[in-house]
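Participant: Have a look at this one before I ask anything.
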There are 2 protein chains.
Amino acid sequence: MEINNRTVRLLERPIGLPKKNTWSLNQENFDLELKENQILIKNEFISLDPAMRGWLNRGKSYISPVNLGDVMRAGTIGKIIESKNKNFNNGNYVSGWGGVQDYIVSDGKDFTRIDDNKVKKETYLGALGVPGMTAYFGILKEGNIKKGETVVVSAAAGAVGSIVGQIAKIKGCKVIGIAGGKDKSDYVKNTLKFDECLDYKKENFFNDLMSICKKGVDVYFDNVGGELLDRMMLFISKGARIVICGAISQYNQKPKGPNNYLSLLVNRATMKGMVVFDYAKDYDKAIIEIRKWILEGKLLTKEDIYHGIENFHDVFLKLFNGEKIGKLILKI
Amino acid sequence: MEINNRTVRLLERPIGLPKKNTWSLNQENFDLELKENQILIKNEFISLDPAMRGWLNRGKSYISPVNLGDVMRAGTIGKIIESKNKNFNNGNYVSGWGGVQDYIVSDGKDFTRIDDNKVKKETYLGALGVPGMTAYFGILKEGNIKKGETVVVSAAAGAVGSIVGQIAKIKGCKVIGIAGGKDKSDYVKNTLKFDECLDYKKENFFNDLMSICKKGVDVYFDNVGGELLDRMMLFISKGARIVICGAISQYNQKPKGPNNYLSLLVNRATMKGMVVFDYAKDYDKAIIEIRKWILEGKLLTKEDIYHGIENFHDVFLKLFNGEKIGKLILKI
């Protein structure tokens, strides 16, 4: 069988925002005869996540970088085209690390079947995928929220933040979101039903933040870093937890630390970094609980879907320019 | 009875390092007739601690600031001159918050008797006082050290750092100190028996630090803040704990945050602030254990004692100019 595969490979390590020539788009046809246990998957949905920017950098991190010349790493949802593996049948949908390409051949070990007719497949890249797991373990285990506490979450309209805040609401917290622009703020407040959502692009944002946070913030779930993290230090309450989940404002520049960090001392507060993969053995339980909330209508999911592998670069940049709400996905 | 009391009162709030006119030295004589339950204490030793710099600032912290015009707050060891309180007898030594002055009258509630003939009285301001409690709970509870772990402690020749490192050695850790100058570094390594001590004033300090820390630091006990905290972020191991105990390099300037803080994320590490007063109910247990280590010769204590209340200002500055080893005390 001849496979006409298009791939996006890492061509060079970007400084700052990736550029067109960070990646190459290639046509790579090959003849395939599946071996015993192998499966052929056609990718349908490719997950775009801020963390991918980190994988482009050289050097030690929580995961090895993408090597120059390799197909760009990405979470995917795909359909089995052909199977010589008894655990998978033609037509099954699977999630895994399929990369930015049309097809992938695998022995199936790193792919999980999605047998779910009640929830959209692409939700398994969002609320039921890595962002959902990050939100779930981040706010419940790392943030250790308790009923009645005040939670602030940044990038509140994003794939992780939107779920963090909804879970905190389900658990009885007062939840304040921070998002960029009126559309996103309105979405977070009116559709996702956070108690409040502040638009950080508004001129009086920091004054509004002070007004709304002055009684003290018990958990700050940080997806952005930079000046906001620094300011939030001033509003934390005694024993507060700051969960460092990401720093999207800092990924394309030299990061800046929170100068007000001595507030941690005054408030006996904790700032803790998290990597969702540490919770992999408990993903199943989290998926069951989040899925239940989705089906009960308690947790809304939203995917922002763009089309065409040839548009990968342009769509990737939407992670950083604020042009998306919810989970960013490329459909091929 | 006429009491000839000299007091040091806070005259104005300093910007940066305190100056001569930050405080006033006053002669304040008064006639005293003790009421029921009162005690008259003559201060003999006054504790000088970096935290006192923070108390000079206006605004919310873990303790209220010293008010303008008030006697400067300080921990003290004093002797009972007269007592109308059944819990105290003439000649008893007591520790408490006696302030920077010759005499204090109290109902005794905030003072603790020191009935200890085996340990020097002034040690109750050091290893058996607030610095010792800070070190004990800081490294054992906040740092949560385990045998075999690598611990780095800054200001290692100081009142807190010297005890942190010795406790970590007792608990079977590999301990690296950081101190300023050859005398202090030699003292920490040769007398206190840390595994290593680096002199941060040496030109190649950051290279040495990298060499010695490259296998990963499990606990960094931070007394200094600033650039060192930032660099230490690069050496922490997975699951590391950074204990924010103080930031002596930052107290007299606008503090600077650790730009490398995203290392917390990569390493799932924790940065946590501590205030020793939170452990007050367990001080007794800590004193028993530290005192035992002192008497067994496992933990060395050192007080750097200067004389004369009139020299308070000059001696106070020794907290910040590196001119002392161990616990800084003013004797009157």
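In the structure tokens, chains take letters A, B, ... by order of appearance, with residues numbered from 1 within each chain and ligands from 1 in the order shown.
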For Asn37 (chain A), find every residue with an atom within 6 Å (counting only C-alpha atoms), except residues of its own chain fewer than 6 positions away, and show them as a PyMOL selection string.

Facilitator: chain A and resi 84-85+107

Participant: Quick one: chain A onto chain B, least squares on all Cα paired in order, result as a CSV table (one decimal) with C-alpha atoms, in the first residue's frame?

Facilitator:
chain,number,residue,atom,x,y,z
A,1,MET,CA,12.9,52.8,93.4
A,2,GLU,CA,14.4,55.1,90.7
A,3,ILE,CA,15.2,53.3,87.5
A,4,ASN,CA,17.8,54.9,85.2
A,5,ASN,CA,16.7,53.5,81.9
A,6,ARG,CA,18.3,54.0,78.5
A,7,THR,CA,16.2,53.2,75.5
A,8,VAL,CA,16.7,53.0,71.7
A,9,ARG,CA,13.5,54.3,70.0
A,10,LEU,CA,12.6,54.2,66.3
A,11,LEU,CA,12.8,57.8,65.1
A,12,GLU,CA,12.2,57.4,61.4
A,13,ARG,CA,11.7,54.7,58.8
A,14,PRO,CA,14.9,54.2,56.9
A,15,ILE,CA,15.1,53.8,53.1
A,16,GLY,CA,17.9,51.3,52.5
A,17,LEU,CA,20.3,50.7,55.3
A,18,PRO,CA,19.4,52.3,58.6
A,19,LYS,CA,21.3,55.4,59.5
A,20,LYS,CA,22.4,57.0,62.8
A,21,ASN,CA,19.2,59.1,62.9
A,22,THR,CA,17.0,56.1,62.3
A,23,TRP,CA,17.0,55.7,66.1
A,24,SER,CA,17.3,57.9,69.1
A,25,LEU,CA,19.2,56.9,72.3
A,26,ASN,CA,17.4,58.3,75.3
A,27,GLN,CA,17.8,58.5,79.0
A,28,GLU,CA,14.4,57.9,80.5
A,29,ASN,CA,14.4,57.7,84.3
A,30,PHE,CA,11.3,56.7,86.2
A,31,ASP,CA,10.1,55.9,89.7
A,32,LEU,CA,8.9,52.4,90.0
A,33,GLU,CA,6.8,50.6,92.5
A,34,LEU,CA,5.9,47.1,91.2
A,35,LYS,CA,2.3,46.1,91.2
A,36,GLU,CA,1.0,42.6,92.0
A,37,ASN,CA,2.3,40.0,89.5
A,38,GLN,CA,4.8,42.4,87.9
A,39,ILE,CA,8.5,41.8,87.5
A,40,LEU,CA,11.4,44.1,86.8
A,41,ILE,CA,13.9,42.7,84.4
A,42,LYS,CA,17.4,44.1,83.6
A,43,ASN,CA,18.3,43.2,80.1
A,44,GLU,CA,21.7,41.7,79.7
A,45,PHE,CA,21.8,40.4,76.1
A,46,ILE,CA,19.9,41.9,73.1
A,47,SER,CA,19.4,39.8,70.0
A,48,LEU,CA,20.2,41.4,66.7
A,49,ASP,CA,18.5,39.7,63.7
A,50,PRO,CA,18.1,40.4,60.0
A,51,ALA,CA,14.3,40.2,60.4
A,52,MET,CA,14.5,43.4,62.5
A,53,ARG,CA,15.2,45.4,59.3
A,54,GLY,CA,11.7,44.3,58.1
A,55,TRP,CA,10.0,45.6,61.2
A,56,LEU,CA,11.2,49.1,60.4
A,57,ASN,CA,9.1,49.2,57.3
A,58,ARG,CA,5.5,50.5,57.1
A,59,GLY,CA,2.9,48.1,56.1
A,60,LYS,CA,1.5,44.6,56.4
A,61,SER,CA,4.0,41.8,57.1
A,62,TYR,CA,4.0,38.7,59.3
A,63,ILE,CA,4.3,40.9,62.3
A,64,SER,CA,3.2,44.5,62.8
A,65,PRO,CA,5.9,47.1,62.2
A,66,VAL,CA,7.6,48.9,65.1
A,67,ASN,CA,5.8,52.2,65.5
A,68,LEU,CA,7.6,55.4,65.3
A,69,GLY,CA,8.6,56.5,68.8
A,70,ASP,CA,8.4,53.0,70.2
A,71,VAL,CA,11.3,51.3,71.8
A,72,MET,CA,13.0,49.1,69.1
A,73,ARG,CA,11.6,45.6,69.3
A,74,ALA,CA,14.2,42.9,70.1
A,75,GLY,CA,14.5,39.5,71.7
A,76,THR,CA,16.4,39.7,75.0
A,77,ILE,CA,17.8,37.7,77.9
A,78,GLY,CA,17.6,39.5,81.2
A,79,LYS,CA,17.8,39.0,85.0
A,80,ILE,CA,14.9,39.5,87.4
A,81,ILE,CA,15.8,42.4,89.7
A,82,GLU,CA,12.5,42.5,91.6
A,83,SER,CA,9.5,40.2,91.5
A,84,LYS,CA,5.9,40.4,92.7
A,85,ASN,CA,5.0,37.4,90.6
A,86,LYS,CA,5.0,33.9,92.1
A,87,ASN,CA,6.5,32.4,89.0
A,88,PHE,CA,9.7,34.4,89.1
A,89,ASN,CA,12.3,35.0,91.8
A,90,ASN,CA,15.0,37.6,92.0
A,91,GLY,CA,18.0,36.5,90.2
A,92,ASN,CA,16.1,34.3,87.7
A,93,TYR,CA,17.1,34.7,84.0
A,94,VAL,CA,14.4,35.1,81.5
A,95,SER,CA,14.1,35.3,77.7
A,96,GLY,CA,11.4,37.4,75.9
A,97,TRP,CA,10.8,40.5,73.9
A,98,GLY,CA,12.5,43.0,76.2
A,99,GLY,CA,13.4,45.6,73.5
A,100,VAL,CA,16.5,47.7,73.1
A,101,GLN,CA,16.7,49.2,76.6
A,102,ASP,CA,18.2,48.5,80.0
A,103,TYR,CA,15.0,47.6,81.9
A,104,ILE,CA,11.6,46.4,81.3
A,105,VAL,CA,8.6,45.9,83.6
A,106,SER,CA,6.3,43.0,82.7
A,107,ASP,CA,3.5,40.9,84.1
A,108,GLY,CA,5.7,37.9,83.1
A,109,LYS,CA,3.3,36.4,80.5
A,110,ASP,CA,5.7,37.0,77.6
A,111,PHE,CA,8.8,35.9,79.4
A,112,THR,CA,10.2,32.4,79.9
A,113,ARG,CA,12.5,31.4,82.7
A,114,ILE,CA,15.9,30.0,81.7
A,115,ASP,CA,16.9,27.5,84.3
A,116,ASP,CA,19.9,26.0,82.6
A,117,ASN,CA,23.3,25.8,84.2
A,118,LYS,CA,24.8,23.7,81.4
A,119,VAL,CA,24.4,26.0,78.4
A,120,LYS,CA,25.4,29.6,78.3
A,121,LYS,CA,22.5,32.1,78.8
A,122,GLU,CA,23.2,33.9,75.5
A,123,THR,CA,22.7,30.6,73.6
A,124,TYR,CA,19.0,31.1,74.3
A,125,LEU,CA,19.1,34.0,71.8
A,126,GLY,CA,20.9,31.8,69.3
A,127,ALA,CA,20.8,28.0,68.8
A,128,LEU,CA,18.1,27.8,71.6
A,129,GLY,CA,16.3,31.0,70.6
A,130,VAL,CA,14.5,32.2,67.5
A,131,PRO,CA,17.4,31.5,65.1
A,132,GLY,CA,17.7,27.9,66.3
A,133,MET,CA,13.9,27.4,66.1
A,134,THR,CA,14.0,28.9,62.6
A,135,ALA,CA,16.7,26.5,61.6
A,136,TYR,CA,15.2,23.4,63.2
A,137,PHE,CA,11.6,23.8,61.8
A,138,GLY,CA,12.9,25.3,58.6
A,139,ILE,CA,15.1,22.4,57.6
A,140,LEU,CA,13.1,19.6,59.2
A,141,LYS,CA,9.5,20.6,58.5
A,142,GLU,CA,9.7,23.0,55.6
A,143,GLY,CA,12.7,21.4,53.9
A,144,ASN,CA,11.6,17.9,54.9
A,145,ILE,CA,15.1,16.6,54.4
A,146,LYS,CA,15.8,12.9,54.0
A,147,LYS,CA,19.0,11.0,54.7
A,148,GLY,CA,21.4,11.2,51.7
A,149,GLU,CA,19.9,14.3,50.2
A,150,THR,CA,22.0,17.3,49.1
A,151,VAL,CA,21.3,20.5,51.0
A,152,VAL,CA,22.6,23.9,50.2
A,153,VAL,CA,22.4,26.7,52.7
A,154,SER,CA,23.3,30.3,52.2
A,155,ALA,CA,24.6,32.7,54.9
A,156,ALA,CA,26.0,29.4,56.2
A,157,ALA,CA,28.1,31.1,58.9
A,158,GLY,CA,25.1,33.0,60.2
A,159,ALA,CA,22.9,32.4,63.2
A,160,VAL,CA,20.3,30.4,61.3
A,161,GLY,CA,22.4,28.9,58.4
A,162,SER,CA,25.1,27.5,60.7
A,163,ILE,CA,22.5,25.5,62.6
A,164,VAL,CA,20.5,24.5,59.5
A,165,GLY,CA,23.6,22.9,58.0
A,166,GLN,CA,24.6,21.2,61.3
A,167,ILE,CA,21.1,19.7,61.7
A,168,ALA,CA,21.2,18.5,58.1
A,169,LYS,CA,24.6,16.8,58.7
A,170,ILE,CA,23.2,15.2,61.9
A,171,LYS,CA,20.3,13.9,59.7
A,172,GLY,CA,22.7,12.3,57.2
A,173,CYS,CA,22.6,14.9,54.4
A,174,LYS,CA,25.4,16.1,52.2
A,175,VAL,CA,25.6,19.8,53.1
A,176,ILE,CA,27.1,22.6,51.1
A,177,GLY,CA,27.4,26.0,52.7
A,178,ILE,CA,27.7,29.4,51.0
A,179,ALA,CA,29.4,32.2,53.0
A,180,GLY,CA,31.2,35.5,52.4
A,181,GLY,CA,34.9,35.6,52.8
A,182,LYS,CA,37.7,33.1,53.6
A,183,ASP,CA,37.3,33.2,57.4
A,184,LYS,CA,33.7,32.3,57.3
A,185,SER,CA,34.0,29.7,54.7
A,186,ASP,CA,36.9,28.1,56.6
A,187,TYR,CA,34.9,28.2,59.8
A,188,VAL,CA,31.9,26.5,58.2
A,189,LYS,CA,33.9,23.8,56.5
A,190,ASN,CA,36.6,23.1,59.1
A,191,THR,CA,34.8,23.9,62.4
A,192,LEU,CA,31.2,23.2,61.6
A,193,LYS,CA,32.2,20.3,59.4
A,194,PHE,CA,29.9,21.0,56.4
A,195,ASP,CA,30.9,18.9,53.4
A,196,GLU,CA,31.9,22.0,51.6
A,197,CYS,CA,31.6,25.8,51.9
A,198,LEU,CA,31.9,28.2,48.9
A,199,ASP,CA,33.0,31.8,49.3
A,200,TYR,CA,30.6,33.9,47.3
A,201,LYS,CA,33.1,36.7,47.2
A,202,LYS,CA,35.5,34.7,45.1
A,203,GLU,CA,35.7,35.5,41.4
A,204,ASN,CA,34.9,32.0,40.2
A,205,PHE,CA,32.1,31.5,42.7
A,206,PHE,CA,29.3,30.7,40.2
A,207,ASN,CA,31.5,28.3,38.4
A,208,ASP,CA,32.4,26.5,41.6
A,209,LEU,CA,28.8,26.5,42.5
A,210,MET,CA,27.9,24.8,39.3
A,211,SER,CA,30.6,22.2,39.6
A,212,ILE,CA,29.5,21.3,43.1
A,213,CYS,CA,25.7,21.4,42.5
A,214,LYS,CA,25.5,19.9,39.1
A,215,LYS,CA,24.3,16.5,40.4
A,216,GLY,CA,21.3,18.3,41.8
A,217,VAL,CA,20.2,20.1,45.0
A,218,ASP,CA,17.3,18.6,46.9
A,219,VAL,CA,16.9,21.4,49.4
A,220,TYR,CA,18.1,25.0,49.1
A,221,PHE,CA,17.7,26.9,52.3
A,222,ASP,CA,17.7,30.5,51.3
A,223,ASN,CA,18.7,33.3,53.7
A,224,VAL,CA,19.9,35.8,51.1
A,225,GLY,CA,17.7,36.0,48.0
A,226,GLY,CA,18.9,37.9,44.9
A,227,GLU,CA,21.2,36.5,42.3
A,228,LEU,CA,22.1,33.5,44.4
A,229,LEU,CA,18.4,32.3,44.6
A,230,ASP,CA,18.1,32.9,40.9
A,231,ARG,CA,21.2,30.8,40.1
A,232,MET,CA,20.2,28.0,42.5
A,233,MET,CA,17.0,27.5,40.5
A,234,LEU,CA,19.2,26.1,37.8
A,235,PHE,CA,20.6,23.4,40.1
A,236,ILE,CA,17.5,22.0,41.8
A,237,SER,CA,16.6,18.4,41.4
A,238,LYS,CA,13.2,16.9,40.7
A,239,GLY,CA,10.9,17.5,43.6
A,240,ALA,CA,13.3,19.9,45.2
A,241,ARG,CA,12.2,22.2,48.0
A,242,ILE,CA,13.4,25.8,48.3
A,243,VAL,CA,12.8,27.2,51.7
A,244,ILE,CA,12.5,31.0,51.7
A,245,CYS,CA,13.6,31.9,55.2
A,246,GLY,CA,15.0,35.4,54.5
A,247,ALA,CA,16.6,37.6,51.9
A,248,ILE,CA,19.4,39.5,53.6
A,249,SER,CA,20.8,40.8,50.3
A,250,GLN,CA,17.4,42.3,49.4
A,251,TYR,CA,16.2,43.9,52.7
A,252,ASN,CA,17.8,47.3,52.0
A,253,GLN,CA,16.8,47.6,48.4
A,254,LYS,CA,13.8,46.8,46.1
A,255,PRO,CA,13.8,43.0,45.9
A,256,LYS,CA,14.5,41.2,42.7
A,257,GLY,CA,12.7,37.9,41.9
A,258,PRO,CA,14.3,34.7,40.5
A,259,ASN,CA,14.1,35.0,36.8
A,260,ASN,CA,14.8,31.2,36.5
A,261,TYR,CA,11.7,30.4,38.4
A,262,LEU,CA,10.3,28.2,35.6
A,263,SER,CA,12.8,25.6,36.8
A,264,LEU,CA,10.2,25.0,39.5
A,265,LEU,CA,7.8,23.8,36.8
A,266,VAL,CA,10.4,21.7,35.0
A,267,ASN,CA,11.5,20.1,38.3
A,268,ARG,CA,8.1,19.9,40.0
A,269,ALA,CA,9.8,21.8,42.8
A,270,THR,CA,8.4,23.9,45.6
A,271,MET,CA,9.4,27.3,46.8
A,272,LYS,CA,7.8,28.0,50.2
A,273,GLY,CA,8.1,30.9,52.6
A,274,MET,CA,8.3,30.3,56.4
A,275,VAL,CA,7.8,32.3,59.5
A,276,VAL,CA,9.1,30.6,62.6
A,277,PHE,CA,6.4,31.9,65.0
A,278,ASP,CA,4.0,29.4,63.3
A,279,TYR,CA,5.9,26.7,65.2
A,280,ALA,CA,5.7,28.3,68.6
A,281,LYS,CA,3.7,25.5,70.2
A,282,ASP,CA,6.5,23.1,69.4
A,283,TYR,CA,9.5,25.2,70.5
A,284,ASP,CA,9.9,23.2,73.7
A,285,LYS,CA,10.5,20.0,71.9
A,286,ALA,CA,13.0,21.6,69.5
A,287,ILE,CA,14.9,23.2,72.4
A,288,ILE,CA,15.2,19.8,74.2
A,289,GLU,CA,16.6,18.2,71.0
A,290,ILE,CA,19.0,21.0,70.1
A,291,ARG,CA,20.2,21.3,73.7
A,292,LYS,CA,20.9,17.6,73.7
A,293,TRP,CA,23.0,17.9,70.5
A,294,ILE,CA,24.9,20.9,72.0
A,295,LEU,CA,25.7,18.9,75.2
A,296,GLU,CA,26.7,15.9,73.1
A,297,GLY,CA,29.1,18.1,71.1
A,298,LYS,CA,27.2,17.4,67.9
A,299,LEU,CA,26.1,21.0,67.3
A,300,LEU,CA,28.4,23.9,67.9
A,301,THR,CA,27.1,27.3,68.8
A,302,LYS,CA,28.8,30.6,68.4
A,303,GLU,CA,27.8,34.0,69.6
A,304,ASP,CA,29.4,37.2,68.3
A,305,ILE,CA,29.0,39.6,71.2
A,306,TYR,CA,29.5,43.4,71.2
A,307,HIS,CA,29.1,45.7,74.1
A,308,GLY,CA,27.1,48.8,75.0
A,309,ILE,CA,23.6,49.9,74.2
A,310,GLU,CA,25.1,53.2,72.8
A,311,ASN,CA,26.6,51.1,70.1
A,312,PHE,CA,23.3,49.5,69.0
A,313,HIS,CA,23.3,51.2,65.6
A,314,ASP,CA,26.9,50.3,64.6
A,315,VAL,CA,26.5,46.7,65.8
A,316,PHE,CA,23.1,46.4,64.0
A,317,LEU,CA,24.8,47.2,60.7
A,318,LYS,CA,27.1,44.2,61.2
A,319,LEU,CA,24.1,42.1,60.2
A,320,PHE,CA,24.4,43.4,56.7
A,321,ASN,CA,28.1,44.1,56.2
A,322,GLY,CA,29.3,40.6,56.8
A,323,GLU,CA,31.3,41.5,59.9
A,324,LYS,CA,30.2,38.7,62.2
A,325,ILE,CA,30.2,35.0,62.5
A,326,GLY,CA,27.3,33.2,64.2
A,327,LYS,CA,24.7,34.9,66.3
A,328,LEU,CA,25.0,38.7,66.7
A,329,ILE,CA,24.4,39.9,70.3
A,330,LEU,CA,24.6,43.2,72.1
A,331,LYS,CA,25.6,42.9,75.7
A,332,ILE,CA,24.6,45.7,78.1

Participant: Using DSSP on the backbone coordinates, identify all residues within region 182-252 of chain A classified as strand (DSSP E or B); present the result as a PyMOL selection string.

Facilitator: chain A and resi 196-199+217-222+236-244

Participant: Write to file, as an mmCIF file, in the first residue's frame, the residues of the selection just made, with N, CA and C atoms.

Facilitator:
data_model
loop_
_atom_site.group_PDB
_atom_site.id
_atom_site.type_symbol
_atom_site.label_atom_id
_atom_site.label_comp_id
_atom_site.auth_asym_id
_atom_site.auth_seq_id
_atom_site.Cartn_x
_atom_site.Cartn_y
_atom_site.Cartn_z
ATOM 1 N N GLU A 196 -16.291 36.032 38.294
ATOM 2 C CA GLU A 196 -15.862 37.285 37.689
ATOM 3 C C GLU A 196 -14.786 36.963 36.668
ATOM 4 N N CYS A 197 -14.642 37.818 35.655
ATOM 5 C CA CYS A 197 -13.488 37.663 34.769
ATOM 6 C C CYS A 197 -12.986 39.048 34.380
ATOM 7 N N LEU A 198 -11.721 39.289 34.612
ATOM 8 C CA LEU A 198 -11.117 40.584 34.297
ATOM 9 C C LEU A 198 -10.346 40.495 32.982
ATOM 10 N N ASP A 199 -10.466 41.575 32.216
ATOM 11 C CA ASP A 199 -9.773 41.672 30.928
ATOM 12 C C ASP A 199 -8.430 42.367 31.159
ATOM 13 N N VAL A 217 -6.290 35.956 48.068
ATOM 14 C CA VAL A 217 -6.443 34.871 47.102
ATOM 15 C C VAL A 217 -5.792 33.622 47.684
ATOM 16 N N ASP A 218 -6.560 32.549 47.759
ATOM 17 C CA ASP A 218 -6.043 31.319 48.377
ATOM 18 C C ASP A 218 -5.241 30.484 47.383
ATOM 19 N N VAL A 219 -5.715 30.469 46.140
ATOM 20 C CA VAL A 219 -4.986 29.716 45.115
ATOM 21 C C VAL A 219 -4.903 30.576 43.859
ATOM 22 N N TYR A 220 -3.684 30.755 43.370
ATOM 23 C CA TYR A 220 -3.510 31.392 42.074
ATOM 24 C C TYR A 220 -2.948 30.350 41.118
ATOM 25 N N PHE A 221 -3.704 30.050 40.088
ATOM 26 C CA PHE A 221 -3.299 29.062 39.089
ATOM 27 C C PHE A 221 -2.717 29.828 37.913
ATOM 28 N N ASP A 222 -1.406 29.748 37.782
ATOM 29 C CA ASP A 222 -0.707 30.623 36.839
ATOM 30 C C ASP A 222 -0.365 29.927 35.531
ATOM 31 N N ILE A 236 -1.974 37.362 47.694
ATOM 32 C CA ILE A 236 -2.160 36.026 48.249
ATOM 33 C C ILE A 236 -2.456 36.099 49.747
ATOM 34 N N SER A 237 -3.231 35.139 50.196
ATOM 35 C CA SER A 237 -3.582 35.073 51.607
ATOM 36 C C SER A 237 -2.614 34.146 52.330
ATOM 37 N N LYS A 238 -2.738 34.117 53.640
ATOM 38 C CA LYS A 238 -1.860 33.266 54.446
ATOM 39 C C LYS A 238 -2.063 31.803 54.040
ATOM 40 N N GLY A 239 -0.963 31.126 53.793
ATOM 41 C CA GLY A 239 -1.049 29.715 53.407
ATOM 42 C C GLY A 239 -1.449 29.492 51.959
ATOM 43 N N ALA A 240 -1.377 30.534 51.135
ATOM 44 C CA ALA A 240 -1.815 30.423 49.736
ATOM 45 C C ALA A 240 -0.923 29.470 48.945
ATOM 46 N N ARG A 241 -1.499 28.947 47.872
ATOM 47 C CA ARG A 241 -0.749 28.095 46.950
ATOM 48 C C ARG A 241 -0.766 28.747 45.561
ATOM 49 N N ILE A 242 0.429 28.896 45.009
ATOM 50 C CA ILE A 242 0.546 29.366 43.630
ATOM 51 C C ILE A 242 0.989 28.171 42.799
ATOM 52 N N VAL A 243 0.151 27.781 41.864
ATOM 53 C CA VAL A 243 0.474 26.641 41.010
ATOM 54 C C VAL A 243 1.090 27.170 39.720
ATOM 55 N N ILE A 244 2.340 26.793 39.473
ATOM 56 C CA ILE A 244 3.013 27.216 38.244
ATOM 57 C C ILE A 244 2.790 26.130 37.198
#

Participant: Would you return as number ranges by chain the members of region 11-209 of chain B that DSSP assigns to alpha helix (DSSP H) on this structure's backbone?

Facilitator: B: 51-55, 130-137, 161-170, 182-186, 205-209
